Every structure is written in structure tokens, then in C-alpha cells.
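Text of data_38.txt, listed as compact mmCIF, C-alpha atoms:
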```
# COMPACT_ATOMS: atom_id res chain seq x y z
CA MET A 157 -1.20 -17.92 13.92
CA SER A 158 0.32 -16.74 17.20
CA ALA A 159 1.86 -13.29 17.06
CA THR A 160 3.77 -11.68 19.92
CA ARG A 161 2.56 -8.14 20.39
CA PRO A 162 5.33 -5.49 20.22
CA ALA A 163 6.07 -4.26 23.73
CA VAL A 164 5.93 -0.63 22.63
CA LEU A 165 2.18 -0.93 22.07
CA ASP A 166 1.68 -1.83 25.73
CA ALA A 167 4.15 0.64 27.24
CA PRO A 168 2.74 2.90 29.99
CA GLY A 169 0.85 5.77 28.41
CA ALA A 170 1.00 4.31 24.89
CA PRO A 171 -2.04 5.31 22.83
CA ILE A 172 -4.21 2.76 21.08
CA TYR A 173 -2.66 2.32 17.65
CA LEU A 174 -5.18 2.51 14.79
CA ASP A 175 -2.96 3.86 12.02
CA CYS A 176 -1.80 0.67 10.32
CA ASN A 177 -2.45 2.11 6.86
CA GLY A 178 0.08 4.79 7.76
CA THR A 179 2.61 2.20 8.85
CA THR A 180 2.60 -1.09 10.69
CA PRO A 181 4.69 -1.93 13.74
CA VAL A 182 7.57 -4.24 12.95
CA ASP A 183 6.48 -7.75 13.87
CA PRO A 184 8.87 -9.13 16.53
CA ARG A 185 9.28 -12.26 14.38
CA VAL A 186 10.49 -10.04 11.55
CA ALA A 187 12.95 -8.34 13.88
CA ASP A 188 14.17 -11.77 15.02
CA ALA A 189 14.86 -12.76 11.40
CA MET A 190 16.86 -9.59 10.82
CA ALA A 191 18.88 -9.54 14.03
CA PRO A 192 21.50 -12.22 13.20
CA LEU A 193 22.28 -10.52 9.90
CA MET A 194 23.31 -7.33 11.66
CA LEU A 195 26.63 -9.02 12.50
CA GLU A 196 26.71 -12.22 10.48
CA GLY A 197 25.30 -11.04 7.17
CA PHE A 198 27.73 -8.22 6.49
CA GLY A 199 29.14 -9.80 3.33
CA ASN A 200 28.51 -8.34 -0.11
CA PRO A 201 25.92 -10.56 -1.83
CA SER A 202 27.91 -10.23 -5.06
CA SER A 203 31.09 -11.65 -3.48
CA GLY A 204 31.97 -15.29 -4.08
CA HIS A 205 33.46 -16.08 -0.67
CA VAL A 206 31.62 -17.58 2.27
CA PHE A 207 30.51 -14.23 3.71
CA GLY A 208 29.14 -13.12 0.37
CA ARG A 209 27.39 -16.45 -0.19
CA ARG A 210 25.76 -16.17 3.23
CA ALA A 211 24.42 -12.74 2.37
CA ARG A 212 23.31 -13.90 -1.10
CA ALA A 213 21.39 -16.81 0.45
CA ALA A 214 19.49 -14.39 2.70
CA VAL A 215 18.58 -12.12 -0.22
CA ASP A 216 17.53 -15.06 -2.39
CA HIS A 217 15.37 -16.45 0.40
CA ALA A 218 13.67 -13.08 0.80
CA ARG A 219 13.04 -12.78 -2.92
CA ALA A 220 11.51 -16.26 -3.01
CA ALA A 221 9.26 -15.46 -0.05
CA VAL A 222 7.90 -12.31 -1.71
CA ALA A 223 7.37 -14.24 -4.94
CA ALA A 224 5.44 -16.95 -3.09
CA LEU A 225 3.21 -14.32 -1.49
CA LEU A 226 2.39 -12.77 -4.88
CA GLY A 227 2.17 -16.00 -6.88
CA CYS A 228 5.07 -15.38 -9.25
CA ALA A 229 8.61 -16.56 -9.94
CA PRO A 230 11.51 -15.24 -7.82
CA ASP A 231 13.23 -13.75 -10.87
CA GLU A 232 10.18 -11.54 -11.38
CA ILE A 233 10.76 -9.79 -8.03
CA LEU A 234 12.93 -6.69 -7.90
CA LEU A 235 13.89 -5.60 -4.37
CA THR A 236 13.58 -1.83 -3.84
CA SER A 237 13.71 0.76 -1.08
CA GLY A 238 9.92 0.84 -0.74
CA GLY A 239 6.62 1.56 -2.42
CA SER A 240 7.57 4.97 -3.78
CA GLU A 241 10.65 3.66 -5.54
CA SER A 242 8.69 0.70 -6.88
CA ASN A 243 6.04 3.02 -8.30
CA ASN A 244 8.62 5.38 -9.77
CA HIS A 245 10.50 2.53 -11.40
CA ALA A 246 7.35 0.97 -12.81
CA LEU A 247 5.94 4.20 -14.22
CA LYS A 248 9.08 5.84 -15.51
CA GLY A 249 10.71 2.60 -16.61
CA ALA A 250 7.67 1.42 -18.57
CA CYS A 251 7.15 4.81 -20.19
CA TRP A 252 10.81 5.22 -21.15
CA ALA A 253 10.85 1.74 -22.66
CA ALA A 254 7.79 2.57 -24.79
CA ARG A 255 8.64 6.13 -25.75
CA ASP A 256 8.79 5.30 -29.46
CA ARG A 257 5.33 3.70 -29.40
CA GLY A 258 3.40 6.36 -27.52
CA ARG A 259 3.44 8.90 -24.71
CA HIS A 260 0.04 8.53 -23.05
CA VAL A 261 -0.78 7.07 -19.62
CA VAL A 262 -4.15 6.43 -17.95
CA THR A 263 -4.64 6.49 -14.18
CA THR A 264 -7.35 7.29 -11.64
CA ALA A 265 -8.19 10.29 -9.49
CA VAL A 266 -7.65 8.41 -6.21
CA GLU A 267 -4.09 7.19 -6.70
CA HIS A 268 -1.40 7.75 -4.09
CA PRO A 269 0.98 10.69 -4.65
CA ALA A 270 3.71 8.10 -5.28
CA VAL A 271 1.89 7.42 -8.55
CA LEU A 272 0.48 10.83 -9.40
CA GLU A 273 3.69 12.78 -8.80
CA PRO A 274 5.90 10.60 -11.06
CA LEU A 275 3.25 10.99 -13.77
CA ARG A 276 3.34 14.77 -13.34
CA TRP A 277 7.12 14.57 -13.65
CA LEU A 278 6.75 12.60 -16.89
CA GLU A 279 4.32 15.20 -18.20
CA ARG A 280 7.11 17.77 -18.01
CA ASP A 281 9.07 15.51 -20.35
CA GLY A 282 6.33 15.21 -22.95
CA TRP A 283 4.00 12.47 -21.69
CA GLU A 284 0.25 12.98 -21.33
CA THR A 285 -1.90 11.63 -18.49
CA THR A 286 -5.62 10.99 -18.52
CA VAL A 287 -7.06 10.84 -15.01
CA VAL A 288 -10.28 8.83 -14.78
CA GLY A 289 -12.77 9.77 -12.07
CA VAL A 290 -14.42 7.51 -9.51
CA ASP A 291 -17.92 7.07 -8.13
CA ALA A 292 -19.15 8.09 -4.67
CA ALA A 293 -17.66 4.91 -3.20
CA GLY A 294 -14.23 5.70 -4.65
CA ARG A 295 -14.40 2.96 -7.28
CA VAL A 296 -13.43 3.41 -10.92
CA ASP A 297 -15.53 2.02 -13.77
CA PRO A 298 -13.46 -0.31 -15.99
CA ALA A 299 -15.45 0.91 -18.99
CA ALA A 300 -14.31 4.47 -18.25
CA VAL A 301 -10.69 3.33 -18.20
CA ALA A 302 -11.18 1.51 -21.49
CA ALA A 303 -12.77 4.62 -23.01
CA ALA A 304 -9.71 6.66 -22.02
CA LEU A 305 -7.32 4.40 -23.94
CA ARG A 306 -5.85 5.83 -27.14
CA PRO A 307 -3.66 4.43 -29.91
CA ASP A 308 -0.65 6.02 -28.18
CA THR A 309 -1.49 4.74 -24.66
CA VAL A 310 1.41 2.71 -23.29
CA LEU A 311 0.48 2.22 -19.64
CA VAL A 312 -2.47 2.08 -17.23
CA SER A 313 -1.79 2.49 -13.49
CA VAL A 314 -4.56 1.57 -11.04
CA MET A 315 -4.15 0.92 -7.32
CA LEU A 316 -5.60 -2.23 -5.79
CA ALA A 317 -6.75 -0.69 -2.50
CA ASN A 318 -7.13 2.95 -1.60
CA ASN A 319 -5.00 4.06 1.31
CA GLU A 320 -7.59 6.47 2.74
CA VAL A 321 -10.99 4.79 2.38
CA GLY A 322 -9.96 1.22 1.63
CA THR A 323 -12.01 0.82 -1.55
CA LEU A 324 -10.82 -2.02 -3.79
CA GLN A 325 -10.53 -1.40 -7.51
CA PRO A 326 -11.56 -3.89 -10.24
CA VAL A 327 -7.95 -4.33 -11.32
CA ALA A 328 -8.35 -7.70 -13.03
CA GLU A 329 -11.15 -6.42 -15.27
CA ILE A 330 -9.21 -3.27 -16.11
CA ALA A 331 -6.09 -5.31 -16.88
CA GLY A 332 -8.00 -7.51 -19.30
CA LEU A 333 -9.42 -4.52 -21.17
CA ALA A 334 -6.06 -2.73 -21.34
CA GLN A 335 -3.97 -5.70 -22.39
CA ALA A 336 -6.44 -6.53 -25.15
CA ARG A 337 -5.28 -3.22 -26.61
CA GLY A 338 -1.59 -3.99 -26.04
CA VAL A 339 -1.31 -1.64 -23.05
CA LEU A 340 0.80 -2.52 -20.00
CA VAL A 341 -0.84 -2.41 -16.56
CA HIS A 342 0.78 -1.33 -13.30
CA CYS A 343 -0.86 -1.81 -9.92
CA ASP A 344 0.12 -0.05 -6.70
CA ALA A 345 -0.72 -2.78 -4.19
CA ALA A 346 1.07 -1.25 -1.19
CA GLN A 347 -2.09 -1.08 0.92
CA ALA A 348 -3.48 -4.43 -0.18
CA VAL A 349 -0.60 -6.88 0.26
CA GLY A 350 -0.94 -8.70 3.56
CA LYS A 351 -4.51 -7.51 4.13
CA ILE A 352 -6.18 -9.43 1.30
CA PRO A 353 -4.88 -12.20 -0.97
CA VAL A 354 -2.89 -10.69 -3.85
CA ASP A 355 -2.01 -12.92 -6.79
CA VAL A 356 -0.45 -11.34 -9.85
CA GLU A 357 -1.80 -14.04 -12.15
CA ASP A 358 -5.36 -13.51 -10.91
CA LEU A 359 -4.95 -9.76 -11.35
CA GLY A 360 -3.31 -10.12 -14.76
CA VAL A 361 -1.01 -7.13 -14.21
CA ASP A 362 2.45 -6.59 -15.67
CA LEU A 363 3.89 -4.57 -12.79
CA LEU A 364 2.93 -4.47 -9.10
CA SER A 365 4.37 -2.44 -6.22
CA VAL A 366 4.86 -3.57 -2.61
CA ALA A 367 5.83 -1.51 0.46
CA GLY A 368 7.47 -3.37 3.33
CA HIS A 369 6.34 -1.06 6.11
CA LYS A 370 2.68 -1.72 5.31
CA VAL A 371 3.15 -5.44 5.99
CA TYR A 372 5.03 -5.43 9.34
CA ALA A 373 8.52 -5.10 7.86
CA PRO A 374 10.74 -2.06 8.46
CA LYS A 375 10.60 1.12 6.43
CA GLY A 376 13.06 1.43 3.60
CA VAL A 377 12.36 -1.83 1.80
CA GLY A 378 9.85 -2.94 -0.81
CA ALA A 379 9.50 -4.85 -4.02
CA LEU A 380 8.41 -4.48 -7.62
CA TYR A 381 6.91 -7.40 -9.51
CA VAL A 382 7.93 -7.30 -13.18
CA ARG A 383 6.27 -9.90 -15.38
CA ARG A 384 8.78 -11.76 -17.54
CA GLY A 385 9.16 -10.05 -20.89
CA THR A 386 7.83 -6.68 -19.70
CA PRO A 387 9.96 -3.90 -21.23
CA LEU A 388 11.28 -1.72 -18.41
CA GLU A 389 14.13 0.78 -18.38
CA ASN A 390 16.27 1.02 -15.25
CA LEU A 391 15.68 3.77 -12.73
CA VAL A 392 19.00 3.36 -10.85
CA HIS A 393 22.11 2.83 -12.96
CA GLY A 394 25.43 1.35 -11.93
CA ALA A 395 26.62 -2.20 -11.41
CA GLY A 396 24.64 -5.33 -12.18
CA GLN A 397 22.76 -6.10 -8.97
CA GLU A 398 19.16 -7.36 -9.01
CA GLY A 399 19.65 -9.10 -12.32
CA GLY A 400 21.02 -5.91 -13.84
CA ARG A 401 17.78 -4.03 -13.13
CA ARG A 402 18.68 -2.01 -10.02
CA ALA A 403 22.23 -0.96 -9.23
CA GLY A 404 23.50 -0.82 -5.68
CA THR A 405 24.57 -3.43 -3.15
CA GLU A 406 21.46 -5.07 -1.71
CA ASN A 407 20.44 -4.25 1.85
CA VAL A 408 20.62 -7.78 3.22
CA ILE A 409 19.11 -6.96 6.61
CA LEU A 410 16.05 -5.18 5.25
CA ALA A 411 15.60 -7.79 2.53
CA ALA A 412 15.48 -10.48 5.20
CA GLY A 413 12.88 -8.47 7.08
CA LEU A 414 10.71 -8.16 4.00
CA GLY A 415 11.08 -11.85 3.28
CA ARG A 416 10.01 -12.89 6.77
CA ALA A 417 7.10 -10.44 6.66
CA ALA A 418 6.00 -11.97 3.36
CA GLU A 419 6.12 -15.47 4.88
CA LEU A 420 3.98 -14.37 7.81
CA ALA A 421 1.51 -12.59 5.57
CA ARG A 422 1.13 -15.66 3.39
CA GLU A 423 0.40 -17.82 6.44
CA ASP A 424 -1.99 -15.35 8.01
CA VAL A 425 -3.97 -13.46 5.37
CA ALA A 426 -6.86 -15.90 4.97
CA ALA A 427 -7.77 -15.86 8.67
CA GLU A 428 -6.71 -12.31 9.47
CA GLY A 429 -9.03 -10.65 6.96
CA PRO A 430 -12.28 -11.85 8.57
CA ARG A 431 -10.96 -11.05 12.05
CA LEU A 432 -10.11 -7.50 11.07
CA ALA A 433 -13.40 -7.00 9.25
CA ALA A 434 -15.30 -8.03 12.39
CA LEU A 435 -13.29 -5.61 14.53
CA ARG A 436 -13.73 -2.82 11.97
CA ASP A 437 -17.48 -3.34 11.90
CA ARG A 438 -17.61 -3.40 15.69
CA LEU A 439 -15.76 -0.09 15.79
CA ALA A 440 -18.23 1.38 13.30
CA GLY A 441 -21.11 0.13 15.45
CA VAL A 442 -19.75 1.76 18.60
CA LEU A 443 -19.21 5.04 16.75
CA ARG A 444 -22.68 5.02 15.17
CA ALA A 445 -24.27 4.48 18.57
CA ALA A 446 -22.48 7.57 19.88
CA VAL A 447 -22.62 9.67 16.70
CA PRO A 448 -25.91 9.02 14.88
CA ASP A 449 -24.98 11.20 11.91
CA LEU A 450 -21.64 9.44 11.37
CA VAL A 451 -20.70 9.11 7.67
CA VAL A 452 -18.65 6.11 6.52
CA HIS A 453 -16.71 6.54 3.28
CA GLY A 454 -15.77 3.85 0.80
CA HIS A 455 -17.43 0.89 -0.83
CA PRO A 456 -19.70 -1.06 1.55
CA THR A 457 -18.29 -4.46 0.56
CA GLN A 458 -15.36 -3.99 -1.86
CA ARG A 459 -12.92 -2.51 0.63
CA LEU A 460 -10.07 -3.51 2.88
CA PRO A 461 -11.13 -5.44 5.98
CA ASN A 462 -9.09 -3.24 8.30
CA THR A 463 -10.04 0.26 7.16
CA LEU A 464 -12.74 2.58 8.50
CA SER A 465 -12.89 6.07 7.04
CA ALA A 466 -15.47 7.91 9.14
CA ALA A 467 -16.66 11.51 9.11
CA PHE A 468 -18.01 13.30 12.17
CA PRO A 469 -20.24 16.02 10.69
CA GLY A 470 -19.81 19.42 12.30
CA ARG A 471 -16.48 18.46 13.84
CA LEU A 472 -12.90 18.94 12.67
CA ALA A 473 -10.68 15.89 12.43
CA ALA A 474 -7.74 17.72 13.97
CA SER A 475 -9.86 18.75 16.96
CA LEU A 476 -11.02 15.18 17.49
CA GLN A 477 -7.43 13.97 17.37
CA ALA A 478 -6.35 16.60 19.88
CA ALA A 479 -9.18 15.57 22.19
CA CYS A 480 -8.09 11.92 22.04
CA PRO A 481 -4.42 11.77 23.04
CA GLY A 482 -4.97 8.12 23.90
CA LEU A 483 -5.63 7.24 20.27
CA ALA A 484 -3.23 7.21 17.31
CA CYS A 485 -5.05 7.57 13.99
CA SER A 486 -4.91 9.75 10.88
CA ALA A 487 -6.92 12.56 9.39
CA GLY A 488 -7.02 11.32 5.79
CA ALA A 489 -3.64 9.84 4.88
CA ALA A 490 -0.55 9.83 7.06
CA CYS A 491 1.96 10.26 4.25
CA HIS A 492 0.99 13.66 2.89
CA ASP A 493 -0.41 16.89 4.27
CA VAL A 494 -4.20 16.87 4.32
CA GLY A 495 -4.57 19.67 6.83
CA ALA A 496 -4.19 22.55 4.40
CA LYS A 497 -6.87 21.37 1.96
CA PRO A 498 -9.52 18.66 1.67
CA SER A 499 -8.40 15.15 0.88
CA ALA A 500 -7.98 14.68 -2.87
CA VAL A 501 -9.47 11.20 -2.55
CA LEU A 502 -12.61 12.40 -0.76
CA THR A 503 -12.91 15.32 -3.18
CA ALA A 504 -12.76 12.92 -6.13
CA MET A 505 -15.54 10.92 -4.48
CA GLY A 506 -17.73 14.03 -4.32
CA VAL A 507 -17.58 14.38 -0.53
CA ALA A 508 -18.51 17.88 0.63
CA PRO A 509 -15.55 19.84 2.05
CA GLU A 510 -17.18 20.23 5.46
CA ILE A 511 -17.65 16.47 5.71
CA ALA A 512 -14.13 15.77 4.47
CA ALA A 513 -12.77 18.13 7.14
CA GLY A 514 -14.26 15.94 9.84
CA THR A 515 -12.96 12.63 8.52
CA LEU A 516 -10.68 10.28 10.41
CA ARG A 517 -9.03 7.16 9.04
CA LEU A 518 -9.01 4.34 11.56
CA SER A 519 -6.94 1.41 10.30
CA LEU A 520 -6.57 -1.77 12.33
CA GLY A 521 -3.84 -4.37 12.20
CA ARG A 522 -2.43 -7.69 13.30
CA PHE A 523 -1.96 -6.57 16.89
CA THR A 524 -5.29 -4.75 17.34
CA ARG A 525 -7.41 -6.23 20.15
CA ALA A 526 -11.19 -6.16 20.60
CA ASP A 527 -10.92 -4.19 23.85
CA GLU A 528 -8.90 -1.51 22.04
CA VAL A 529 -11.58 -1.16 19.38
CA GLU A 530 -14.24 -0.71 22.05
CA ALA A 531 -12.15 1.84 23.95
CA ALA A 532 -11.28 3.80 20.80
CA GLY A 533 -14.94 3.97 19.81
CA ARG A 534 -15.97 5.26 23.22
CA MET A 535 -13.13 7.77 23.24
CA LEU A 536 -14.09 9.24 19.88
CA GLY A 537 -17.79 9.22 20.74
CA GLU A 538 -17.16 11.20 23.92
CA ALA A 539 -14.86 13.63 22.13
CA SER A 540 -17.44 14.15 19.39
CA SER A 541 -20.16 14.92 21.91
CA ARG A 542 -17.96 17.56 23.52
```
Mind converting the file's structure to C-alpha cells?
Amino acid sequence: MSATRPAVLDAPGAPIYLDCNGTTPVDPRVADAMAPLMLEGFGNPSSGHVFGRRARAAVDHARAAVAALLGCAPDEILLTSGGSESNNHALKGACWAARDRGRHVVTTAVEHPAVLEPLRWLERDGWETTVVGVDAAGRVDPAAVAAALRPDTVLVSVMLANNEVGTLQPVAEIAGLAQARGVLVHCDAAQAVGKIPVDVEDLGVDLLSVAGHKVYAPKGVGALYVRRGTPLENLVHGAGQEGGRRAGTENVILAAGLGRAAELAREDVAAEGPRLAALRDRLAGVLRAAVPDLVVHGHPTQRLPNTLSAAFPGRLAASLQAACPGLACSAGAACHDVGAKPSAVLTAMGVAPEIAAGTLRLSLGRFTRADEVEAAGRMLGEASSR
């Protein structure tokens, strides 16, 4: 599929962008889908006149596109402000709806703060959380999750792909074990959607979170899949938008952006995965040639095709970043402070603090070129040798 590269990536002095797990550039085709609605889609989607119907059609189209990407029905898609809201709604809403049946939740040690922090908030209101550890590759054992289930467990939350090291979790197996015990399953798929095929029926989950800005849509929009019949209390109360599940007039422009991004992801994901994996492996090869003691984190095969988490022993990630102003990447995760203490994900994987301190996350995307991968590898290799 032909994709026009955003001009900002080729502006004079622009660094090579390898932080697509932090956020993706808005695809120009997504921007094109949003632009007309800036002036023409101003109507309230709940209004019955022509302007409202025009806005409603745009929102409905977006919802259907997200549903098609995830393999579900449009009425199972709840439009949100992003991954964090989707996670909060899934976790809090499912727990509140099941409060009379139990107050225990199971999750893993490598979840995003957008999952762990809502669970800590629920703990202050009487819920209990069991956090299951992971192996050295960052992967959780489904049997360990099953062993953590109790008669009062109401929810299991397991991410599909880790945002730092890219490791994929055995979500489908975990979902089968949990649901056999009558326990709902939530999956934070923010980092996976658009990078690998994601089908809610194949996964068998009840709730699944999507973040628009990880899939070439703007920030501020996302989605929550809610399987029909799943009990879920509202997070935002007010009028009856989103089928009565999320109050507030829908953001038509951002919804259209998410919808177009979902269409593009559905068209592209099968071919894009192998392309990214080849570029990622080439980057790792260039780095290993320059840094023989390079350490690569994550599962060797069960990981995102675009993600390379690499440690430069004896170096500090921040120093490497400072020495490479021509490269945009992250030390750990871009969405929370990892400078003050070792990455919680790497710590859970048993990575030594001195190795964690020298870890960079290099995440490729739709607009990454082979020559950029080669240049980034050389740049980091030279900085490491200095």
C-alpha cells in the first residue's frame, strides 16, 4: 500500500524517528479524512437535522471501521479519548459491575501504568490485586495466571504486546482459562493494534483497549471493545451518547481520524509486519556489529515486528541519546519517567539495574526507511564506542 511520508520527517535537520511505540506520526491520509469535517462536520451527532446527520454518519463510519479491524460488531465499539480512558473504563466499569460477586483482580507485572494505576486506585476502595510475574523474556505463564484466580476474582487484565520490549502475551490461552472460571478478561492492545492482526474472537477477550495515536491517528481518541452482554458500569455520566455508555458529544473530527487509521491498518497489517521485522532485524545486526556485547530484551520470536529493546552495557541510555541528536528514540517508555529509577518492565524480567540503565527502545513504523535504519545503527554504534 502506498503511503505518503509526512513532510515533517524530511524537514531540514529532522532526526530519524524511531519512537513509534511512543507515538506515531499522523498519516497524511488520516489528516485528509479529518480536514473536511473541520468546517463541514460541525453538527451535533445527536441532532436530527442535516448537519447532525452528516456528523452522525461520520461517527458511525468510524465505529464500523474500528469494528472491522478488530473483528467485531459496530455496536461493540465504544469511542473514547484514548487508551488510558479505555483502560480506566474497562477496569473500573467491570469491577463496579461485579462488586457484589467479588473484589479481586489479576494482572501482570509488565502492564502499562494506564492499567496498574487504575487498579491501585481500586485497591483504595476495597479491591485486591494479584500481580503475576513474568519470565526473562517478559512473558507470563498462563498457568500462573490460572493459579492466581480465586472464587472472588472478577477480572483478569493482560496486555497483548508490551510497550517497552514488544513481547506478546498468550492472551487467548489466558482468556480460555479465566472464562472457564466465569472471570472476565480485559486486554490492553494499544501497542498491538495495527502492528499485528488483532481479532477479538481469536483472542476470546471481553474487553479490549485501543489508542489512536499508536496507529497513525491523532492523540486524544481511542476505542474500547465491549463484548455484547459484558456487564460494565459507566465511567462518564451525563446524556445518552455512545449507546448510553459514555456521556459527552462525540468528537466527530477525531473519530473520523481513528476510523480512517483503522481502515489503513486493516489494509496494511499483513504486509507491514514482515517489512518491519526485516528492518528491525537489520538494525539489530548493525548494532551487534558495532557493539559486540549488545543485549536485546524481549522474546526472540513472540514480539512485535517493529520493536527493538537494546541495552548497551557500560553506557547510560541518556548519554547515548544526548550523543545522537540526529535520532529520536526512547529510554524505556516514552509515556512515563524512567530516568529516576530502572524500568519496571525490565526489573520484572530480572534485568540487572546497570543493564537496564543502558537500554534504548527503538521502535519503527510505517514511514521508516531502510537507509534510516542503517544510519541509526551506525550513529548509535559510534556513540557507544565514544
Separation of CA of Gly537 in chain A from CA of Ala445 in chain A in Å |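 Straight-line distance from CA of Ala445 in chain A to CA of Gly537 in chain A works out to 8.3 Å.
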Skip Asp308 in chain A itself and residues of its chain fewer than 5 positions away, then list as an NGL selection string all residues within 12 Å of it, counting only C-alpha atoms.
-> :A and (251 or 254-262 or 283-286 or 337-340)
Residues within 7 Å of (10.9, -1.7, -5.9), counting all atoms listed in the file, listed as number ranges by chain | A: 234-239, 241-242, 245, 365, 378-380
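Between CA of Ser313 in chain A and CA of Lys375 in chain A the interatomic distance comes to 23.5 Å.
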Can you pull out every residue within 10 Å of Met535 in chain A, counting all atoms listed in the file, but drop anything in the same chain fewer than 2 positions away, and send it as a list in words?
->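 Here the qualifying residues turn out to be Leu443, Ala446, Leu476, Ala479, Cys480, Pro481, Gly482, Leu483, Val529, Glu530, Ala531, Ala532, Gly533, Gly537, Glu538, Ala539 and Ser540 of chain A.
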Grab the residues selected above and save them as a PDB file, in the coordinates of the input with C-alpha atoms.
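Result file is part36.pdb:
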```
ATOM      1  CA  LEU A 443     -19.210   5.040  16.750  1.00  0.00           C
ATOM      2  CA  ALA A 446     -22.480   7.570  19.880  1.00  0.00           C
ATOM      3  CA  LEU A 476     -11.020  15.180  17.490  1.00  0.00           C
ATOM      4  CA  ALA A 479      -9.180  15.570  22.190  1.00  0.00           C
ATOM      5  CA  CYS A 480      -8.090  11.920  22.040  1.00  0.00           C
ATOM      6  CA  PRO A 481      -4.420  11.770  23.040  1.00  0.00           C
ATOM      7  CA  GLY A 482      -4.970   8.120  23.900  1.00  0.00           C
ATOM      8  CA  LEU A 483      -5.630   7.240  20.270  1.00  0.00           C
ATOM      9  CA  VAL A 529     -11.580  -1.160  19.380  1.00  0.00           C
ATOM     10  CA  GLU A 530     -14.240  -0.710  22.050  1.00  0.00           C
ATOM     11  CA  ALA A 531     -12.150   1.840  23.950  1.00  0.00           C
ATOM     12  CA  ALA A 532     -11.280   3.800  20.800  1.00  0.00           C
ATOM     13  CA  GLY A 533     -14.940   3.970  19.810  1.00  0.00           C
ATOM     14  CA  GLY A 537     -17.790   9.220  20.740  1.00  0.00           C
ATOM     15  CA  GLU A 538     -17.160  11.200  23.920  1.00  0.00           C
ATOM     16  CA  ALA A 539     -14.860  13.630  22.130  1.00  0.00           C
ATOM     17  CA  SER A 540     -17.440  14.150  19.390  1.00  0.00           C
TER      18      SER A 540
END
```
Quick one: everything within 8 Å of range 495-511 of chain A, counting only C-alpha atoms, minus sequence neighbours fewer than 2 positions away in the same chain. Send it as a PyMOL selection string.
-> chain A and resi 265-267+289-294+320+467-470+487-488+493+513-515
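For the pair CA of Met194 in chain A and CA of Pro181 in chain A, the interatomic distance is 19.5 Å.
Of the listed residues A:Ala433, A:Leu324, A:Val349, A:Ala412, the one whose atoms come nearest to Ala367 in chain A is A:Val349, with distances taken using only C-alpha atoms.
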Report as a tab-separated table (two decimals) with C-alpha atoms, in the coordinates of the input all protein, DNA and RNA residues lying within 12 Å of Arg436 in chain A, evaluated on only C-alpha atoms, omitting residues in the same chain fewer than 5 positions from it.
```tsv
chain	number	residue	atom	x	y	z
A	174	LEU	CA	-5.18	2.51	14.79
A	322	GLY	CA	-9.96	1.22	1.63
A	429	GLY	CA	-9.03	-10.65	6.96
A	430	PRO	CA	-12.28	-11.85	8.57
A	431	ARG	CA	-10.96	-11.05	12.05
A	441	GLY	CA	-21.11	0.13	15.45
A	442	VAL	CA	-19.75	1.76	18.60
A	443	LEU	CA	-19.21	5.04	16.75
A	452	VAL	CA	-18.65	6.11	6.52
A	459	ARG	CA	-12.92	-2.51	0.63
A	460	LEU	CA	-10.07	-3.51	2.88
A	461	PRO	CA	-11.13	-5.44	5.98
A	462	ASN	CA	-9.09	-3.24	8.30
A	463	THR	CA	-10.04	0.26	7.16
A	464	LEU	CA	-12.74	2.58	8.50
A	465	SER	CA	-12.89	6.07	7.04
A	466	ALA	CA	-15.47	7.91	9.14
A	517	ARG	CA	-9.03	7.16	9.04
A	518	LEU	CA	-9.01	4.34	11.56
A	519	SER	CA	-6.94	1.41	10.30
A	520	LEU	CA	-6.57	-1.77	12.33
A	521	GLY	CA	-3.84	-4.37	12.20
A	524	THR	CA	-5.29	-4.75	17.34
A	525	ARG	CA	-7.41	-6.23	20.15
A	526	ALA	CA	-11.19	-6.16	20.60
A	528	GLU	CA	-8.90	-1.51	22.04
A	529	VAL	CA	-11.58	-1.16	19.38
A	530	GLU	CA	-14.24	-0.71	22.05
A	532	ALA	CA	-11.28	3.80	20.80
A	533	GLY	CA	-14.94	3.97	19.81
```
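Using only C-alpha atoms, the nearest neighbour of Val451 in chain A within the list A:Cys176, A:Gly199, A:Val361, A:Ala512 is A:Ala512.
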Generate the coordinates of N, CA and C atoms for range 460-472 of chain A; report them as a short mmCIF file (atom, residue, chain, number, x, y, z; two decimals), keeping the file's coordinate frame.
```
data_model
loop_
_atom_site.label_atom_id
_atom_site.label_comp_id
_atom_site.auth_asym_id
_atom_site.auth_seq_id
_atom_site.Cartn_x
_atom_site.Cartn_y
_atom_site.Cartn_z
N LEU A 460 -10.98 -2.81 1.99
CA LEU A 460 -10.07 -3.51 2.88
C LEU A 460 -10.78 -3.88 4.18
N PRO A 461 -10.45 -5.03 4.75
CA PRO A 461 -11.13 -5.44 5.98
C PRO A 461 -10.72 -4.63 7.20
N ASN A 462 -9.62 -3.92 7.11
CA ASN A 462 -9.09 -3.24 8.30
C ASN A 462 -9.38 -1.75 8.36
N THR A 463 -10.00 -1.19 7.32
CA THR A 463 -10.04 0.26 7.16
C THR A 463 -11.43 0.84 7.38
N LEU A 464 -11.50 1.84 8.26
CA LEU A 464 -12.74 2.58 8.50
C LEU A 464 -12.45 4.06 8.34
N SER A 465 -13.00 4.64 7.27
CA SER A 465 -12.89 6.07 7.04
C SER A 465 -14.23 6.68 7.45
N ALA A 466 -14.22 7.43 8.55
CA ALA A 466 -15.47 7.91 9.14
C ALA A 466 -15.44 9.42 9.33
N ALA A 467 -16.53 10.06 8.95
CA ALA A 467 -16.66 11.51 9.11
C ALA A 467 -17.60 11.82 10.26
N PHE A 468 -17.23 12.81 11.04
CA PHE A 468 -18.01 13.30 12.17
C PHE A 468 -18.54 14.68 11.78
N PRO A 469 -19.73 14.75 11.20
CA PRO A 469 -20.24 16.02 10.69
C PRO A 469 -20.27 17.11 11.77
N GLY A 470 -19.83 18.29 11.38
CA GLY A 470 -19.81 19.42 12.30
C GLY A 470 -18.58 19.46 13.17
N ARG A 471 -17.71 18.47 13.06
CA ARG A 471 -16.48 18.46 13.84
C ARG A 471 -15.29 18.54 12.90
N LEU A 472 -14.15 18.93 13.44
CA LEU A 472 -12.90 18.94 12.67
C LEU A 472 -12.05 17.76 13.10
#
```
